[in-house]
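Undergrad: Below is the file model_12.cif, which contains mmCIF, C-alpha atoms.
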```cif
data_coords
loop_
_atom_site.label_atom_id
_atom_site.label_comp_id
_atom_site.auth_asym_id
_atom_site.auth_seq_id
_atom_site.Cartn_x
_atom_site.Cartn_y
_atom_site.Cartn_z
CA MET A 1 0.00 0.00 0.00
CA ASN A 2 1.22 3.47 -0.90
CA VAL A 3 0.72 5.35 2.37
CA PRO A 4 0.78 8.94 0.97
CA ILE A 5 -1.81 8.05 -1.67
CA PHE A 6 -4.00 6.25 0.89
CA LEU A 7 -3.94 9.24 3.24
CA ALA A 8 -4.50 11.66 0.33
CA ARG A 9 -7.69 9.79 -0.56
CA LYS A 10 -8.92 10.15 3.01
CA VAL A 11 -8.26 13.89 2.95
CA ARG A 12 -9.74 14.26 -0.52
CA ASN A 13 -12.94 12.37 0.26
CA ALA A 14 -14.08 14.87 2.85
CA PRO A 15 -17.76 14.80 3.87
CA GLU A 16 -20.09 16.72 1.58
CA GLY A 17 -20.68 20.23 2.90
CA SER A 18 -17.55 20.29 5.01
CA PHE A 19 -15.10 23.13 4.89
CA SER A 20 -12.46 20.93 3.18
CA ALA A 21 -14.88 19.98 0.40
CA THR A 22 -15.73 23.64 -0.20
CA VAL A 23 -12.09 24.68 -0.33
CA THR A 24 -11.31 21.83 -2.72
CA ARG A 25 -14.05 22.97 -5.08
CA VAL A 26 -12.63 26.50 -5.03
CA GLY A 27 -9.23 25.15 -6.06
CA VAL A 28 -10.68 23.04 -8.88
CA VAL A 29 -12.79 25.94 -10.18
CA SER A 30 -9.85 28.37 -10.13
CA ILE A 31 -7.70 26.00 -12.21
CA ALA A 32 -10.54 25.18 -14.61
CA LEU A 33 -11.42 28.83 -15.09
CA GLY A 34 -7.81 29.87 -15.69
CA LEU A 35 -7.12 27.08 -18.20
CA SER A 36 -10.36 27.59 -20.12
CA ILE A 37 -9.66 31.32 -20.42
CA LEU A 38 -6.16 30.60 -21.71
CA ILE A 39 -7.41 28.07 -24.28
CA VAL A 40 -10.04 30.48 -25.60
CA ALA A 41 -7.61 33.41 -25.57
CA PHE A 42 -4.92 31.57 -27.53
CA ALA A 43 -7.45 30.15 -30.01
CA VAL A 44 -8.83 33.65 -30.67
CA LEU A 45 -5.37 35.24 -30.83
CA PHE A 46 -4.09 32.70 -33.34
CA GLY A 47 -7.34 33.03 -35.24
CA PHE A 48 -6.91 36.80 -35.53
CA LYS A 49 -3.30 36.49 -36.62
CA ASN A 50 -3.98 33.71 -39.11
CA ASN A 51 -6.98 35.45 -40.72
CA ILE A 52 -5.24 38.80 -41.03
CA GLN A 53 -2.08 37.22 -42.44
CA GLN A 54 -4.07 35.25 -45.02
CA LYS A 55 -5.88 38.41 -46.10
CA ILE A 56 -2.57 40.24 -46.45
CA PHE A 57 -1.08 37.37 -48.44
CA LEU A 58 -3.94 37.60 -50.94
CA PHE A 59 -2.29 40.65 -52.46
CA GLY A 60 1.06 40.96 -50.73
CA ALA A 61 2.52 37.43 -50.80
CA HIS A 62 5.40 36.67 -48.45
CA LEU A 63 8.04 38.20 -50.69
CA GLN A 64 7.92 40.33 -53.84
CA ALA A 65 10.72 40.54 -56.38
CA GLY A 66 10.82 43.23 -59.07
CA LYS A 67 13.07 45.55 -60.99
CA PHE A 68 14.86 48.44 -59.33
CA THR A 69 13.16 51.72 -60.28
CA ASN A 70 12.91 55.31 -59.06
CA ASN A 71 9.32 55.49 -60.26
CA ASN A 72 6.84 55.71 -57.36
CA SER A 73 3.76 55.23 -59.56
CA TYR A 74 2.12 51.96 -60.59
CA MET A 75 3.88 52.04 -63.97
CA GLU A 76 6.15 49.01 -63.61
CA THR A 77 9.43 48.24 -65.31
CA PRO A 78 9.06 44.95 -67.24
CA LEU A 79 10.71 41.90 -65.70
CA SER A 80 11.52 38.85 -67.81
CA LEU A 81 10.30 35.39 -66.88
CA ASN A 82 13.63 34.01 -68.13
CA THR A 83 15.47 34.56 -64.86
CA GLN A 84 17.17 32.03 -62.62
CA LEU A 85 14.86 32.97 -59.76
CA TYR A 86 11.68 32.15 -61.70
CA ARG A 87 13.01 29.12 -63.60
CA ASP A 88 14.65 27.42 -60.60
CA SER A 89 12.17 28.46 -57.91
CA THR A 90 11.30 24.85 -57.06
CA ASN A 91 14.96 24.17 -56.26
CA ILE A 92 15.39 27.12 -53.89
CA PRO A 93 15.26 26.01 -50.22
CA GLY A 94 12.26 27.39 -48.38
CA VAL A 95 10.30 28.50 -51.47
CA LYS A 96 6.81 27.00 -51.76
CA HIS A 97 5.39 28.80 -54.78
CA ILE A 98 6.21 31.67 -57.15
CA GLN A 99 3.79 33.50 -59.43
CA ALA A 100 4.12 36.34 -61.93
CA VAL A 101 1.87 39.42 -61.69
CA ALA A 102 1.59 42.92 -63.15
CA LEU A 103 -0.14 46.12 -62.00
CA LYS A 104 -1.78 48.91 -63.96
CA ALA A 105 -3.84 51.88 -62.77
CA GLY A 106 -7.26 52.53 -64.24
CA ILE A 107 -10.75 53.89 -63.66
CA LEU A 108 -13.95 51.87 -63.47
CA LYS A 109 -16.93 53.94 -64.59
CA THR A 110 -20.67 53.45 -64.77
CA SER A 111 -23.30 55.92 -65.92
CA GLU A 112 -23.55 57.35 -62.40
CA GLU A 113 -20.39 56.43 -60.48
CA LEU A 114 -16.67 55.96 -60.98
CA THR A 115 -13.74 54.75 -58.89
CA GLY A 116 -10.02 54.44 -59.33
CA VAL A 117 -8.59 50.91 -59.24
CA ILE A 118 -5.32 49.09 -59.58
CA LEU A 119 -5.76 46.19 -61.96
CA LYS A 120 -3.65 43.27 -60.81
CA GLY A 121 -2.97 40.99 -63.75
CA VAL A 122 -2.37 37.33 -62.97
CA GLY A 123 -1.60 34.27 -65.05
CA LYS A 124 -1.96 30.51 -64.97
CA ASP A 125 0.58 30.20 -62.17
CA TYR A 126 -1.57 32.26 -59.78
CA ASP A 127 -2.73 30.41 -56.65
CA TRP A 128 -6.48 31.02 -56.34
CA ASN A 129 -6.79 28.83 -53.23
CA LEU A 130 -6.11 31.89 -51.08
CA PHE A 131 -9.47 33.33 -52.21
CA GLN A 132 -11.56 30.48 -50.87
CA GLY A 133 -12.49 32.40 -47.73
CA SER A 134 -12.76 35.86 -49.33
CA LEU A 135 -14.88 35.18 -52.43
CA VAL A 136 -18.43 36.34 -51.64
CA ALA A 137 -20.06 36.06 -55.08
CA GLY A 138 -19.35 34.60 -58.49
CA THR A 139 -16.09 32.90 -59.41
CA VAL A 140 -12.49 33.73 -60.20
CA PRO A 141 -11.68 35.12 -63.67
CA THR A 142 -10.32 32.96 -66.46
CA VAL A 143 -6.71 33.97 -67.09
CA GLY A 144 -3.75 32.68 -69.09
CA ALA A 145 -1.43 33.54 -71.92
CA ASP A 146 -3.48 31.49 -74.40
CA THR A 147 -6.47 33.88 -74.28
CA GLY A 148 -5.37 36.05 -77.20
CA ASN A 149 -5.31 39.74 -76.29
CA GLY A 150 -6.25 38.92 -72.73
CA SER A 151 -9.43 37.91 -70.98
CA THR A 152 -11.88 40.70 -70.12
CA GLN A 153 -13.16 38.94 -67.03
CA LEU A 154 -12.74 40.94 -63.85
CA MET A 155 -12.94 40.36 -60.10
CA ILE A 156 -13.69 43.40 -57.94
CA SER A 157 -14.19 43.94 -54.22
CA GLN A 158 -17.51 44.21 -52.42
CA TYR A 159 -16.64 47.84 -51.66
CA MET A 160 -16.28 48.62 -55.39
CA ALA A 161 -19.43 46.69 -56.24
CA ASN A 162 -21.43 48.71 -53.71
CA GLN A 163 -19.92 51.98 -54.85
CA LEU A 164 -20.50 51.32 -58.56
CA LYS A 165 -23.79 49.46 -57.96
CA VAL A 166 -22.82 46.49 -60.12
CA LYS A 167 -23.37 42.76 -59.71
CA VAL A 168 -21.81 39.59 -61.01
CA GLY A 169 -22.43 39.21 -64.75
CA GLU A 170 -22.65 42.93 -65.55
CA THR A 171 -20.31 44.67 -68.00
CA ILE A 172 -18.44 47.79 -66.98
CA PRO A 173 -15.84 49.88 -68.87
CA LEU A 174 -12.32 50.08 -67.46
CA TYR A 175 -10.35 53.17 -68.61
CA PHE A 176 -6.56 53.20 -68.67
CA LEU A 177 -4.80 56.55 -68.58
CA GLY A 178 -2.64 57.37 -71.57
CA ASN A 179 -2.43 59.50 -74.66
CA PRO A 180 -5.01 58.78 -75.87
CA PRO A 181 -6.87 57.03 -72.99
CA ARG A 182 -7.81 53.42 -73.71
CA ALA A 183 -10.87 51.54 -72.52
CA ARG A 184 -11.84 47.90 -72.24
CA LYS A 185 -15.27 46.47 -71.53
CA MET A 186 -14.82 44.19 -68.54
CA THR A 187 -17.28 41.57 -67.30
CA VAL A 188 -17.57 41.23 -63.53
CA VAL A 189 -17.36 37.49 -62.81
CA GLY A 190 -16.47 37.59 -59.12
CA ILE A 191 -16.67 39.74 -55.99
CA TYR A 192 -14.31 39.38 -53.02
CA GLU A 193 -14.08 40.97 -49.58
CA THR A 194 -11.02 40.97 -47.33
CA GLY A 195 -11.99 43.60 -44.76
CA LEU A 196 -8.66 45.37 -45.34
CA GLU A 197 -9.77 48.83 -46.41
CA GLU A 198 -6.65 49.76 -48.36
CA VAL A 199 -7.00 46.57 -50.42
CA ASP A 200 -10.76 46.55 -50.97
CA LYS A 201 -10.74 50.15 -52.15
CA THR A 202 -8.07 49.73 -54.80
CA ILE A 203 -7.36 46.19 -56.07
CA ALA A 204 -9.21 44.43 -58.90
CA LEU A 205 -7.99 41.21 -60.50
CA GLY A 206 -7.84 40.31 -64.17
CA ASP A 207 -5.75 38.68 -66.85
CA ILE A 208 -2.04 39.53 -66.97
CA ARG A 209 -2.14 39.19 -70.75
CA LEU A 210 -4.40 42.26 -70.94
CA ILE A 211 -1.80 44.37 -69.12
CA GLN A 212 0.97 42.94 -71.31
CA ARG A 213 -0.91 44.04 -74.44
CA LEU A 214 -1.67 47.50 -73.03
CA ASN A 215 1.98 48.02 -72.02
CA LYS A 216 3.22 46.52 -75.31
CA TRP A 217 5.17 43.89 -73.44
CA GLY A 218 6.03 40.45 -74.68
CA ILE A 219 4.36 37.35 -73.34
CA ASP A 220 7.42 36.65 -71.19
CA SER A 221 7.42 40.10 -69.49
CA VAL A 222 5.72 40.72 -66.16
CA GLY A 223 5.71 43.38 -63.47
CA SER A 224 7.02 41.34 -60.50
CA TYR A 225 7.19 37.94 -58.87
CA GLU A 226 5.17 37.01 -55.80
CA ILE A 227 6.94 34.40 -53.70
CA PHE A 228 5.44 32.23 -50.96
CA VAL A 229 7.65 30.44 -48.44
CA ASN A 230 7.16 27.10 -46.71
CA ASP A 231 7.67 28.47 -43.19
CA PHE A 232 6.69 32.08 -42.54
CA LYS A 233 8.69 32.04 -39.30
CA ARG A 234 11.83 31.58 -41.43
CA LEU A 235 10.95 34.44 -43.77
CA ASN A 236 14.23 36.31 -43.28
CA GLN A 237 16.38 33.22 -43.86
CA THR A 238 14.49 32.36 -47.06
CA ALA A 239 14.71 35.99 -48.20
CA ASN A 240 18.49 35.88 -47.83
CA THR A 241 18.63 32.69 -49.92
CA ILE A 242 16.48 34.26 -52.65
CA PHE A 243 18.57 37.43 -52.58
CA ASP A 244 21.64 35.39 -53.51
CA VAL A 245 19.81 33.98 -56.55
CA MET A 246 18.34 37.26 -57.84
CA ALA A 247 19.82 39.33 -60.64
CA PRO A 248 21.73 42.47 -59.57
CA ASP A 249 19.06 44.82 -61.00
CA MET A 250 16.25 43.30 -58.91
CA ARG A 251 14.93 44.24 -55.49
CA LEU A 252 13.24 42.08 -52.85
CA THR A 253 10.44 43.33 -50.56
CA ARG A 254 9.19 41.51 -47.47
CA VAL A 255 5.49 41.58 -46.66
CA THR A 256 6.40 42.52 -43.08
CA ASP A 257 7.90 45.75 -44.44
CA GLN A 258 5.11 46.40 -46.94
CA TYR A 259 2.39 46.09 -44.29
CA ARG A 260 4.42 47.04 -41.24
CA PRO A 261 1.56 48.67 -39.23
CA LEU A 262 -0.51 45.46 -39.33
CA PHE A 263 2.41 43.25 -38.33
CA ASP A 264 3.36 45.67 -35.54
CA TRP A 265 -0.22 45.41 -34.31
CA MET A 266 0.06 41.59 -34.28
CA VAL A 267 3.29 41.83 -32.28
CA LEU A 268 1.40 43.99 -29.78
CA LEU A 269 -1.24 41.25 -29.52
CA ASP A 270 1.51 38.76 -28.64
CA ARG A 271 2.78 41.03 -25.88
CA ASN A 272 -0.70 41.44 -24.45
CA MET A 273 -1.13 37.67 -24.49
CA VAL A 274 2.11 37.20 -22.54
CA ILE A 275 0.85 39.63 -19.90
CA LEU A 276 -2.50 37.83 -19.73
CA LEU A 277 -0.74 34.46 -19.41
CA ALA A 278 1.45 35.73 -16.57
CA LEU A 279 -1.50 37.21 -14.67
CA ILE A 280 -3.69 34.10 -14.96
CA THR A 281 -0.77 31.84 -14.01
CA PHE A 282 -0.04 33.96 -10.94
CA VAL A 283 -3.67 34.00 -9.84
CA ALA A 284 -4.09 30.24 -10.35
CA SER A 285 -0.85 29.47 -8.48
CA PHE A 286 -1.76 31.82 -5.65
CA ASN A 287 -5.20 30.24 -5.33
CA MET A 288 -3.72 26.75 -5.21
CA VAL A 289 -1.21 27.74 -2.53
CA SER A 290 -3.99 29.32 -0.49
CA VAL A 291 -6.22 26.25 -0.85
CA LEU A 292 -3.45 23.87 0.16
CA LEU A 293 -2.43 25.99 3.15
CA VAL A 294 -6.03 26.08 4.33
CA LEU A 295 -6.26 22.30 3.98
CA MET A 296 -3.03 21.84 5.95
CA MET A 297 -4.24 24.22 8.64
CA GLU A 298 -7.51 22.30 8.98
CA ARG A 299 -5.56 19.02 9.11
CA THR A 300 -3.00 20.25 11.64
CA PRO A 301 -4.09 17.73 14.35
CA MET A 302 -3.81 14.97 11.74
CA ILE A 303 -0.31 16.12 10.83
CA GLY A 304 0.67 16.15 14.52
CA LEU A 305 -0.73 12.64 15.03
CA LEU A 306 1.13 11.29 12.00
CA LYS A 307 4.37 12.83 13.26
CA ALA A 308 3.79 11.43 16.74
CA LEU A 309 3.34 7.98 15.18
CA GLY A 310 6.69 8.29 13.42
CA SER A 311 5.77 9.63 9.98
CA GLN A 312 8.51 11.64 8.32
CA ASP A 313 7.96 15.11 6.82
CA PRO A 314 8.56 13.93 3.21
CA LEU A 315 5.71 11.38 3.52
CA ILE A 316 3.27 14.01 4.80
CA ARG A 317 4.39 16.46 2.10
CA ARG A 318 3.75 13.84 -0.61
CA MET A 319 0.29 13.24 0.87
CA PHE A 320 -0.72 16.90 0.48
CA LEU A 321 1.02 17.07 -2.90
CA PHE A 322 -1.20 14.21 -4.12
CA VAL A 323 -4.23 16.08 -2.77
CA GLY A 324 -3.21 19.16 -4.74
CA LEU A 325 -2.45 17.18 -7.92
CA ASN A 326 -5.88 15.58 -7.70
CA MET A 327 -7.43 19.06 -7.73
CA VAL A 328 -5.18 19.99 -10.64
CA GLY A 329 -6.33 16.91 -12.57
CA TRP A 330 -10.02 17.71 -12.12
CA GLY A 331 -9.37 21.38 -12.86
CA LEU A 332 -7.58 20.54 -16.12
CA LEU A 333 -10.33 18.15 -17.18
CA ILE A 334 -13.11 20.67 -16.56
CA GLY A 335 -11.05 23.54 -18.00
CA ASN A 336 -10.38 21.65 -21.25
CA VAL A 337 -14.02 20.66 -21.63
CA VAL A 338 -15.24 24.24 -21.07
CA GLY A 339 -12.50 25.95 -23.11
CA LEU A 340 -12.61 23.58 -26.08
CA GLY A 341 -16.40 23.54 -25.94
CA LEU A 342 -16.62 27.33 -26.18
CA CYS A 343 -14.13 27.32 -29.05
CA PHE A 344 -16.12 24.63 -30.88
CA ILE A 345 -19.39 26.52 -30.51
CA GLN A 346 -17.85 29.75 -31.82
CA ASP A 347 -16.03 27.98 -34.65
CA ARG A 348 -19.16 26.13 -35.73
CA PHE A 349 -21.92 28.69 -35.26
CA LYS A 350 -20.05 32.06 -35.39
CA LEU A 351 -22.12 33.40 -32.47
CA ILE A 352 -19.89 36.39 -31.62
CA PRO A 353 -19.83 38.94 -34.49
CA LEU A 354 -17.27 41.67 -35.11
CA ASP A 355 -17.25 44.97 -36.94
CA PRO A 356 -15.14 44.33 -40.08
CA LYS A 357 -14.22 48.01 -40.27
CA ASN A 358 -12.27 47.71 -37.03
CA TYR A 359 -11.28 44.03 -36.91
CA PHE A 360 -10.99 43.12 -40.65
CA MET A 361 -13.38 40.17 -40.20
CA ASN A 362 -17.06 39.53 -39.52
CA TYR A 363 -16.79 37.21 -36.51
CA VAL A 364 -14.38 36.08 -33.81
CA PRO A 365 -12.08 33.52 -35.49
CA ILE A 366 -10.88 30.29 -33.90
CA VAL A 367 -7.71 28.33 -34.73
CA TRP A 368 -7.17 24.85 -33.31
CA ASP A 369 -3.52 24.85 -32.33
CA TRP A 370 -3.20 21.50 -30.56
CA PRO A 371 0.52 21.80 -29.69
CA THR A 372 -0.24 25.04 -27.83
CA ILE A 373 -3.21 23.47 -26.02
CA LEU A 374 -1.05 20.52 -24.92
CA ALA A 375 1.71 22.93 -23.88
CA LEU A 376 -0.75 24.91 -21.75
CA ASN A 377 -1.87 21.74 -19.98
CA GLY A 378 1.68 20.55 -19.44
CA ALA A 379 2.87 23.93 -18.19
CA ALA A 380 -0.09 24.15 -15.80
CA VAL A 381 0.72 20.75 -14.28
CA VAL A 382 4.45 21.45 -13.90
CA LEU A 383 4.11 24.97 -12.55
CA ILE A 384 1.29 24.28 -10.09
CA ALA A 385 2.98 21.07 -8.90
CA LEU A 386 6.15 23.05 -8.22
CA VAL A 387 4.22 25.71 -6.30
CA LEU A 388 2.38 23.06 -4.33
CA TRP A 389 5.59 21.22 -3.47
CA LEU A 390 7.22 24.38 -2.18
CA SER A 391 4.18 25.23 -0.07
CA THR A 392 4.24 21.81 1.63
CA PHE A 393 7.58 22.61 3.29
CA ILE A 394 5.62 24.48 5.94
CA ILE A 395 4.82 21.01 7.35
CA SER A 396 8.39 20.72 8.64
CA ARG A 397 7.68 23.65 10.98
CA ILE A 398 4.68 22.00 12.61
CA GLN A 399 5.53 20.46 16.02
CA PRO A 400 3.55 17.36 17.10
CA VAL A 401 2.85 18.65 20.64
CA LYS A 402 1.39 21.93 19.46
CA ALA A 403 -0.38 20.30 16.53
CA LEU A 404 -2.23 17.78 18.72
CA SER A 405 -3.51 20.58 20.93
CA PHE A 406 -4.44 22.74 17.91
CA LYS A 407 -8.09 23.81 17.89
CA LYS A 408 -9.82 24.76 14.69
#
```
Could I get this structure in the form of structure tokens?
TA:
Amino acid sequence: MNVPIFLARKVRNAPEGSFSATVTRVGVVSIALGLSILIVAFAVLFGFKNNIQQKIFLFGAHLQAGKFTNNNSYMETPLSLNTQLYRDSTNIPGVKHIQAVALKAGILKTSEELTGVILKGVGKDYDWNLFQGSLVAGTVPTVGADTGNGSTQLMISQYMANQLKVKVGETIPLYFLGNPPRARKMTVVGIYETGLEEVDKTIALGDIRLIQRLNKWGIDSVGSYEIFVNDFKRLNQTANTIFDVMAPDMRLTRVTDQYRPLFDWMVLLDRNMVILLALITFVASFNMVSVLLVLMMERTPMIGLLKALGSQDPLIRRMFLFVGLNMVGWGLLIGNVVGLGLCFIQDRFKLIPLDPKNYFMNYVPIVWDWPTILALNGAAVVLIALVLWLSTFIISRIQPVKALSFKK
């Protein structure tokens, strides 16, 4: 028989309604509440970061490579597809995908309204999977170099559609500035919405071949390359590898520099989460120490009797440690059920809405990061067990004579 575990069961199975039972419930609830809050907080934080990053990557990619130029307008210097970077992209460590794009400024005009846009021309190598969560109506345009002078299909944002009062299937003229100005009749085939105001107000997507014809470029000339990496956390290392492959007249731009305010905001979210984690951990640890000290105070005569019968301090400390770990176990179980349950409900039913003008999304997002959830559980067990073990050393200061005469 394991004596500490046997005694811990006796202490744990206190009569219903007793002071010990009440204190034990307080300890379990404090752990469960702290863990559930942490699980929900991390799921929401990662959800915010993931959604915002994916929206940024729709039009920013991880890295952008283009020609060096002193021109600050959207008139790009042509970049050939016959470069080592584009041809050998699959052999560059860390590179997941590369796609060629081109930009050209224009004006969309109806009989009553008009708006300035930046037409982003894309080709067959463009990854449309990123638009799965942002496409609100219609479909993506048909693009590719084999479409003659370029497809006239167009994808615009919900903001542009509301401003111009157009729907999917309608035709709208797109004017390109020049001498003389040129116009193309474009058919709206899709409408997207990212929630990022600076993107939704300006970017429309179409065929890169159309821009090549307007700029009098060859079929192998584009405006820039958009590069996606395998591991965003290793963005700088991959950027350095790509830099060594690029031609001397090319420049490389990181998305973290292009959209610095948004990434700075996400760093601020991480700092706030660290503060929240520290506060909840402190409160949970303090509560557990208080609960265990109260239990030891109530069991002072028992401690004195055990010492008088020859029990050593380590045995008594292990007994109360097992009592505390039992509360931790129940607290973790309840905390996981509550935290994961709340996350599931929000992820499935989207019950908590958000204002997209302020948060760039319509509802509170949830990301299931299981390694983080397991780490939270493991850290809670280790930290609280350490705090409990340290608090049990007060037992060594209890004298049997005084303990046996102790009155509650």
Undergrad: Enter the distance from CA of Leu292 (chain A) to CA of Pro314 (chain A), in Å, rounded to one decimal.
TA: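 Those two atoms sit 15.9 Å apart.
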Undergrad: Considering only C-alpha atoms, state which residue in the set A:Leu119, A:Leu276, A:Leu386, A:Leu376 is at the smallest distance from Thr152 (chain A).
TA: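 With only C-alpha atoms as the atom set, the closest residue is A:Leu119.
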Undergrad: Between A:Gly169, A:Lys201, A:Ala43, A:Val26, which one has atoms that come closest to Val188 (chain A), using only C-alpha atoms?
TA: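 Looking only at the distances to Val188 (chain A), the closest residue turns out to be A:Gly169.
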Undergrad: Would you tabulate, counting all atoms listed in the file, all residues of region 193-261 of chain A that have an atom at most 8 Å from an atom of region 343-362 of chain A, showing the closest pair of atoms and their distance in Å to one decimal, sorted by chain then ascending number, as a tab-separated table?
TA:
```
residue	atom	partner	partner_atom	distance
A:Thr194	CA	A:Phe360	CA	7.0
A:Gly195	CA	A:Phe360	CA	4.3
A:Leu196	CA	A:Phe360	CA	5.7
A:Glu197	CA	A:Lys357	CA	7.6
```
Undergrad: Evaluated on this file, the PyMOL selection byres ((chain A and resi 288) around 10) picks out some residues - which ones are they, written as a list in words?
TA: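 That selection, the PyMOL selection byres ((chain A and resi 288) around 10), comes back as Val23, Thr24, Val26, Gly27, Val28, Ser30, Ile31, Phe282, Val283, Ala284, Ser285, Phe286, Asn287, Val289, Ser290, Val291, Leu292, Leu293, Val294, Gly324, Met327, Val328, Ile384, Ala385, Val387, Leu388 and Ser391 of chain A.
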Undergrad: Please enclose the listed atoms of region 385-396 of chain A in an axis-aligned box, pad each side by 3 Å, and write out the centre and the three edge lengths in Å, rounded to one decimal, as AutoDock Vina command-line options.
TA:
```
--center_x 5.4 --center_y 23.2 --center_z -0.1 --size_x 12.0 --size_y 11.0 --size_z 23.5
```
Undergrad: What is the CA of Arg182 (chain A) to CA of Asn215 (chain A) distance in Å?
TA: 11.3 Å
Undergrad: What does the structure give for the distance between CA of Pro141 (chain A) and CA of Asn129 (chain A), in Å to one decimal?
TA: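 Computed distance, CA of Pro141 (chain A) to CA of Asn129 (chain A), equals 13.1 Å.
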Undergrad: For the file shown, report as a compact mmCIF listing (two decimals) with C-alpha atoms, keeping the file's coordinate frame the outcome of the PyMOL selection byres ((chain A and resi 120) around 8) at residue level.
TA:
```
# COMPACT_ATOMS: atom_id res chain seq x y z
CA VAL A 101 1.87 39.42 -61.69
CA ALA A 102 1.59 42.92 -63.15
CA LEU A 103 -0.14 46.12 -62.00
CA LYS A 104 -1.78 48.91 -63.96
CA ILE A 118 -5.32 49.09 -59.58
CA LEU A 119 -5.76 46.19 -61.96
CA GLY A 121 -2.97 40.99 -63.75
CA VAL A 122 -2.37 37.33 -62.97
CA ILE A 203 -7.36 46.19 -56.07
CA ALA A 204 -9.21 44.43 -58.90
CA LEU A 205 -7.99 41.21 -60.50
CA GLY A 206 -7.84 40.31 -64.17
CA ASP A 207 -5.75 38.68 -66.85
CA ILE A 208 -2.04 39.53 -66.97
```
Undergrad: Which residues of region 63-171 of chain A come within 8 Å of region 227-246 of chain A, and what is each one's closest atom pair and distance in Å (one decimal), counting only C-alpha atoms, sorted by chain and residue number, as CSV?
TA:
```
residue,atom,partner,partner_atom,distance
A:Leu63,CA,A:Ile227,CA,5.0
A:Gln64,CA,A:Ile227,CA,6.0
A:Ala65,CA,A:Ile227,CA,7.7
A:Gln84,CA,A:Val245,CA,6.9
A:Leu85,CA,A:Met246,CA,5.8
A:Ile92,CA,A:Ile242,CA,7.3
A:Pro93,CA,A:Thr238,CA,7.1
A:Gly94,CA,A:Asn230,CA,5.4
A:Val95,CA,A:Val229,CA,4.5
A:Lys96,CA,A:Val229,CA,4.9
A:His97,CA,A:Phe228,CA,5.1
A:Ile98,CA,A:Ile227,CA,4.5
A:Gln99,CA,A:Ile227,CA,6.6
```
Undergrad: Step by step, work through what the PyMOL selection byres ((chain A and resi 36) around 12) selects in the shown file, and finish by giving those residues as a PyMOL selection string.
TA: chain A and resi 29-35+37-43+277+280+284+331-343+373+376-377+380
Undergrad: Could the residues in this selection be saved with C-alpha atoms as a short mmCIF file (atom, residue, chain, number, x, y, z; two decimals), keeping the file's coordinate frame?
TA:
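Okay, this is what ended up in out33.cif:
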```cif
data_model
loop_
_atom_site.label_atom_id
_atom_site.label_comp_id
_atom_site.auth_asym_id
_atom_site.auth_seq_id
_atom_site.Cartn_x
_atom_site.Cartn_y
_atom_site.Cartn_z
CA VAL A 29 -12.79 25.94 -10.18
CA SER A 30 -9.85 28.37 -10.13
CA ILE A 31 -7.70 26.00 -12.21
CA ALA A 32 -10.54 25.18 -14.61
CA LEU A 33 -11.42 28.83 -15.09
CA GLY A 34 -7.81 29.87 -15.69
CA LEU A 35 -7.12 27.08 -18.20
CA ILE A 37 -9.66 31.32 -20.42
CA LEU A 38 -6.16 30.60 -21.71
CA ILE A 39 -7.41 28.07 -24.28
CA VAL A 40 -10.04 30.48 -25.60
CA ALA A 41 -7.61 33.41 -25.57
CA PHE A 42 -4.92 31.57 -27.53
CA ALA A 43 -7.45 30.15 -30.01
CA LEU A 277 -0.74 34.46 -19.41
CA ILE A 280 -3.69 34.10 -14.96
CA ALA A 284 -4.09 30.24 -10.35
CA GLY A 331 -9.37 21.38 -12.86
CA LEU A 332 -7.58 20.54 -16.12
CA LEU A 333 -10.33 18.15 -17.18
CA ILE A 334 -13.11 20.67 -16.56
CA GLY A 335 -11.05 23.54 -18.00
CA ASN A 336 -10.38 21.65 -21.25
CA VAL A 337 -14.02 20.66 -21.63
CA VAL A 338 -15.24 24.24 -21.07
CA GLY A 339 -12.50 25.95 -23.11
CA LEU A 340 -12.61 23.58 -26.08
CA GLY A 341 -16.40 23.54 -25.94
CA LEU A 342 -16.62 27.33 -26.18
CA CYS A 343 -14.13 27.32 -29.05
CA ILE A 373 -3.21 23.47 -26.02
CA LEU A 376 -0.75 24.91 -21.75
CA ASN A 377 -1.87 21.74 -19.98
CA ALA A 380 -0.09 24.15 -15.80
#
```
